[in-house]
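Input: a single structure, listed below in structure tokens.
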Amino acid sequence: MNASELLSNTLSPDANTRQNATQQLENASRENYPAYMVMLSSELANESSQIHIRNAAGLALKNALSARDTSRQSEYASRWLSLDNDNKNKIKQESLVTLASPLPKAGAFAAQVVAAIAAVELPVDQWPDLIELLLGFVNNSTNTNLKIATLQTIGYICESIKPEILSLRSNEILTAVIHGARKDEPSSEVQLAAVHALYNSLEFVRENFEREGERNYIMQVVCEATQNGSVAVQVGAFECLVKIMALYYDKMAFYMEQALFGLTVMGMKHNDERVALQAVEFWTTVCEEEIELAHEAREAAEYGEPPEVESKFFAKVALPEVIPVLLALLTRQEEDADEDEWNISMSAGTCLSFMAQAVADPIVPAVIPFIEAHIKSQDWHQREAAIMTFGSILDGPDPTVLTPLVNQALPLLIGMMSDDNVHVKDTTAWTLGRICDLLIITIKPDVHLHPLVSALVTGLQDNPRIVTNCCWALMNLADQLGYLEDETEPSQTGHLSPYYEGVVNALLRVTETTSNESNFRTSAYEAITSYVTHATNDVIPVAQNTLITILVRMEQLLNMQNQIVGIDDRNNWNELQSNLCSVVISVIRRLGDGILPMADRIMTLVLQLIQAAGKTSTVLEDAFLVVGSLASALEAGFSPYIQAFLPSLYPALKAHEDTQLCMVAVGIIGDISRALGDQSAQYAGAFMNVLLENLQSDVLNRNVKISILSCFGDIALAIGVAFEPYLDTTMGVLRQAGGVQPNPLDFDLVDYVSQLREGILEAYTGVVTGLKNTDKVQLLLPHSGSILELIQRCLADDERSESTVKLCFGLLGDLADCFPNGQLKQLLLSEWVASELRSKRGMSPETKKTMRWAREMVKRATA
């Protein structure tokens with residue numbers, strides 16, 4: 001079979017033909033990579049070949065060069081870089097030639113191929129003349145197709161390569177892109193390609209944005225493009241403005257005043273929804289930036305410092321002009337709109353909610369007239385828009401401003417749960433859910449609770465979308481009332497107690513369905529979990545009966561194993577088991593050791609579930625979490641189940657590729673150790689061996705390794721002096737890990753090292769506390785120096801977290817408490833110790849309390 005026939009077959013409507021052809025290509029790639037790549041590039045460049053075959057060749061080439069998975073991408077890059085120069089140059093040349101193809105689709109695929117090669121070669125200083133070649137094509141060619149494909153290539157390269165790699169060529173790239181985007185360019189297709197390339201290059205032209213003249217020209221070209229005759233170019237230009245606002249907010253005051261304000265408000269009114277969506281997105285981005293700046297300003301004020309970037313309050317200034325347009329857009333709902341498809345009314349609602357957070361109180365008088373005028377309208381569009389407006393402004397303004405409005409609106413909203421329009425009911429249920437979540441204090445138990453609960457429970461029999469929002473509202477009601485009652489006066493009963501049984505039974509009826517449209521069944525299970533979690537003592541029987549119902553369902557599902565046919569059935573089964581496990585966990589946590597009479601049945605079912613789940617990690621994770629919660633609840637009473645469970649735990653600990661499952665399995669070791677205390681010593685050897693093996697793994701995610709270090713502390717604390725056989729190895733590992741220093745320019749690594757240090761501090765704390773007040777405490781002396789070095793390093797870090805500081809002081813105090821007789825006197829008299837133990841601003845009361853205790857322990861140990 002020749003190459004073109006094989007490529008054609010990869011697009012065949014027949015699955016077998018398609019699969020066979022794909023398999024043959026994969027075999028060719030493995031068996032003779034150079035010939036495979038040359039064959040594909042020749043087919044891509046072949047102007048006499050059919051376009052669908054050329055596209056297939058381009059796609060296969062790109063897929064042989066790039067992958068989303070990091071390890072696979074690294075493998076593909078090494079494979080390409082090891083290719084001989086003759087073949088590499090041939091493939092590059094043919095790809096570049098294809099950019100000028102008379103068929104734009106072929107040029108578009110060639111653009112992806114050139115960019116994929118560039119993403120591999122440019123970071124290692126290969127193909128140095130590529131950018132110059134591409135800029136020549138844009139600036140000197142009269143071939144429109146070549147210009148378009150080249151601009152697409154530049155855009156793809158900018159999107160896929162780190163900005164610093166291209167920063168030296170940013171001036172030239174920007175010049176070429178702006179040249180293609182300017183209004184004098186005769187081809188709208190070239191303008192569109194240039195605007196898209198500009199969008200992708202915005203991050204690495206930061207220096208150009210610092211220079212006023214260049215910034216003015218870029219902004220002029222983008223603003224002019226928003227008025228282009230081509231709608232696609234207008235959309236692309238507004239997308240650029242959205243990204244510019246996100247990246248260069250602090251440079252935008254002049255342009256907002258001169259052009260952006262007017263352009264974007266006009267854009268929101270555009271009759272083409274694609275343009276309007278981007279113009280609305282612009283204001284959403286403005287609000288997001290200003291919300292973040294307000295947060296940063298509050299943080300800076302706490303430390304008595306000015307914020308790095310000051311808010312320009314664009315949203316507040318624009319409020320009178322933007323709000324009326326947003327409110328008008330809210331009324332443009334479609335009767336049969338797909339809830340998963342983003343549309344202009346959804347976008348306007350989202351923007352309004354961000355606007356409320358950004359401007360706070362002034363939003364209220366700006367929207368109240370609209371709500372009052374339309375909430376009782378005959379037209380459902382107007383009614384729904386009014387309710388959406390009300391729901392959208394509940395987060396941002398001061399609760400004291402909103403409370404009288406909510407009190408006034410609640411009876412009306414509860415009544416609108418009986419509206420004859422599904423969209424109105426859906427938005428009403430969502431708004432009630434927002435009130436329950438954000439303004440629970442406005443719900444007066446003796447006035448609102450009965451009609452509210454009745455309306456939401458009735459809504460559980462409605463359309464799936466409405467059911468989902470009713471479940472969410474009921475869940476928020478339980479959560480927020482639960483937190484409120486815990487804060488004020490924890491009692492034997494609660495305001496929701498009279499409704500508990502009815503609500504939980506209604507939610508259980510919802511979960512009896514076989515479908516999960518709009519995620520309503522999952523939402524019902526989540527609500528049940530909240531009601532169980534916050535059950536007061538008088539409704540404990542409801543939680544117990546719920547558990548029995550859930551366990552019966554688990555048994556039924558396990559018995560249905562053999563009836564599962566196809567992936568949809570399997571996914572449904574997995575999802576249901578996860579939901580059931582979540583409820584079981586919440587019941588166990590609520591009942592504590594009161595779960596003992598049901599423990600045998602729960603463990604039997606969970607062990608069966610682990611067997612049935614096979615390698616389905618999400619179900620295994622949930623099953624393990626049930627075990628962990630049961631161990632925590634039963635403590636020493638969990639010991640009868642250990643031997644039956646361990647054979648399931650070890651394979652999960654060795655599943656290094658499955659980060660989340662391995663993380664949960666490590667957590668279970670901590671749960672079991674804490675639960676059994678010194679009784680867990682008999683399992684400690686096996687636990688330590690597997691955890692130390694995991695630390696040696698090259699595959700295991702580094703965050704799991706942090707959890708392992710923390711777990712060492714759990715084991716040490718649980719078994720005390722019995723940890724001696726593992727002490728030197730553990731302390732060596734912790735000392736080595738504590739020496740890791742981050743590159744301050746690599747933010748991911750800085751964050752990782754911060755978490756790593758926290759894990760090490762937790763481990764040291766467990767070890768030190770486990771040996772404190774025992775006859776083995778002297779074993780800590782050789783390691784005290786490295787422990788104190790880490791504490792010093794952590795406290796000297798300007799970016800340290802509050803939790804790290806508290807751990808440091810706690811560990812310092814524990815270590816000093818271990819040796820009150822002066823054995824650590826010299827180390828503890830170091831100047832840095834005294835300096836760090838002086839009172840500091842900005843600490844939480846808990847951290848200050850820990851620091852004062854540590855100061856007393858150090859004082860005693862150095863007396």
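Following the order of the structure tokens, first chain is A, next is B, and so on, with residues numbered from 1 inside each chain and ligands from 1 in the order they appear.
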
Give me, as a tab-separated table, each residue of stretch 666-743 of chain A that comes within 10 Å of stretch 613-625 of chain A, together with its shortest interatomic pair and the distance in Å at one decimal, counting only C-alpha atoms, with rows ordered by chain and rising residue number.
residue	atom	partner	partner_atom	distance
A:Gly667	CA	A:Leu625	CA	8.8
A:Ile668	CA	A:Phe624	CA	7.1
A:Asp671	CA	A:Leu625	CA	9.7

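The space between atom CA of A:Cys287 and atom CA of A:Val309 spans 14.8 Å.
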
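Using only C-alpha atoms, the contacts of A:His423 at a cut-off of 10 Å, with sequence neighbours closer than 3 positions omitted, comprise Gln333, Glu334, Glu335, Asp336, Ala337, Trp380, His381, Arg383, Glu384, Ala385, Asp419, Asp420, Asp426, Thr427, Thr428, Ala429, Asn463, Arg465 and Ile466 of chain A.
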
Exercise: A:Gly685 partners within 9 Å, only C-alpha atoms, chain neighbours under 5 positions left out, as a VMD selection string = chain A and resid 690 725 to 726

So that I can check the surroundings of stretch 767-781 of chain A, please list as a short mmCIF file (atom, residue, chain, number, x, y, z; two decimals) with N, CA and C atoms, in the first residue's frame every protein, DNA and RNA residue that reaches within 7 Å of it, counting only C-alpha atoms and ignoring chain neighbours fewer than 4 positions away.
data_model
loop_
_atom_site.label_atom_id
_atom_site.label_comp_id
_atom_site.auth_asym_id
_atom_site.auth_seq_id
_atom_site.Cartn_x
_atom_site.Cartn_y
_atom_site.Cartn_z
N GLY A 713 6.34 11.46 59.88
CA GLY A 713 6.04 12.08 61.16
C GLY A 713 4.85 11.43 61.85
N ALA A 716 6.09 8.08 63.25
CA ALA A 716 6.99 8.31 64.40
C ALA A 716 6.20 8.73 65.63
N LEU A 717 5.25 9.63 65.44
CA LEU A 717 4.45 10.11 66.56
C LEU A 717 3.61 8.99 67.17
N ALA A 718 3.12 8.10 66.28
CA ALA A 718 2.24 7.01 66.75
C ALA A 718 3.02 5.97 67.56
N GLY A 720 6.33 6.18 68.76
CA GLY A 720 7.30 6.65 69.76
C GLY A 720 8.65 5.99 69.67
N VAL A 721 9.12 5.38 70.77
CA VAL A 721 10.48 4.81 70.82
C VAL A 721 10.66 3.67 69.83
N ALA A 763 7.21 16.28 59.44
CA ALA A 763 7.88 15.01 59.74
C ALA A 763 8.77 15.15 60.97
N ASP A 814 9.37 22.38 70.71
CA ASP A 814 9.43 20.94 71.04
C ASP A 814 10.87 20.48 71.24
N LEU A 815 11.77 20.95 70.36
CA LEU A 815 13.18 20.53 70.44
C LEU A 815 13.81 21.06 71.72
N CYS A 818 12.71 19.11 74.67
CA CYS A 818 13.33 17.78 74.80
C CYS A 818 14.60 17.83 75.66
#
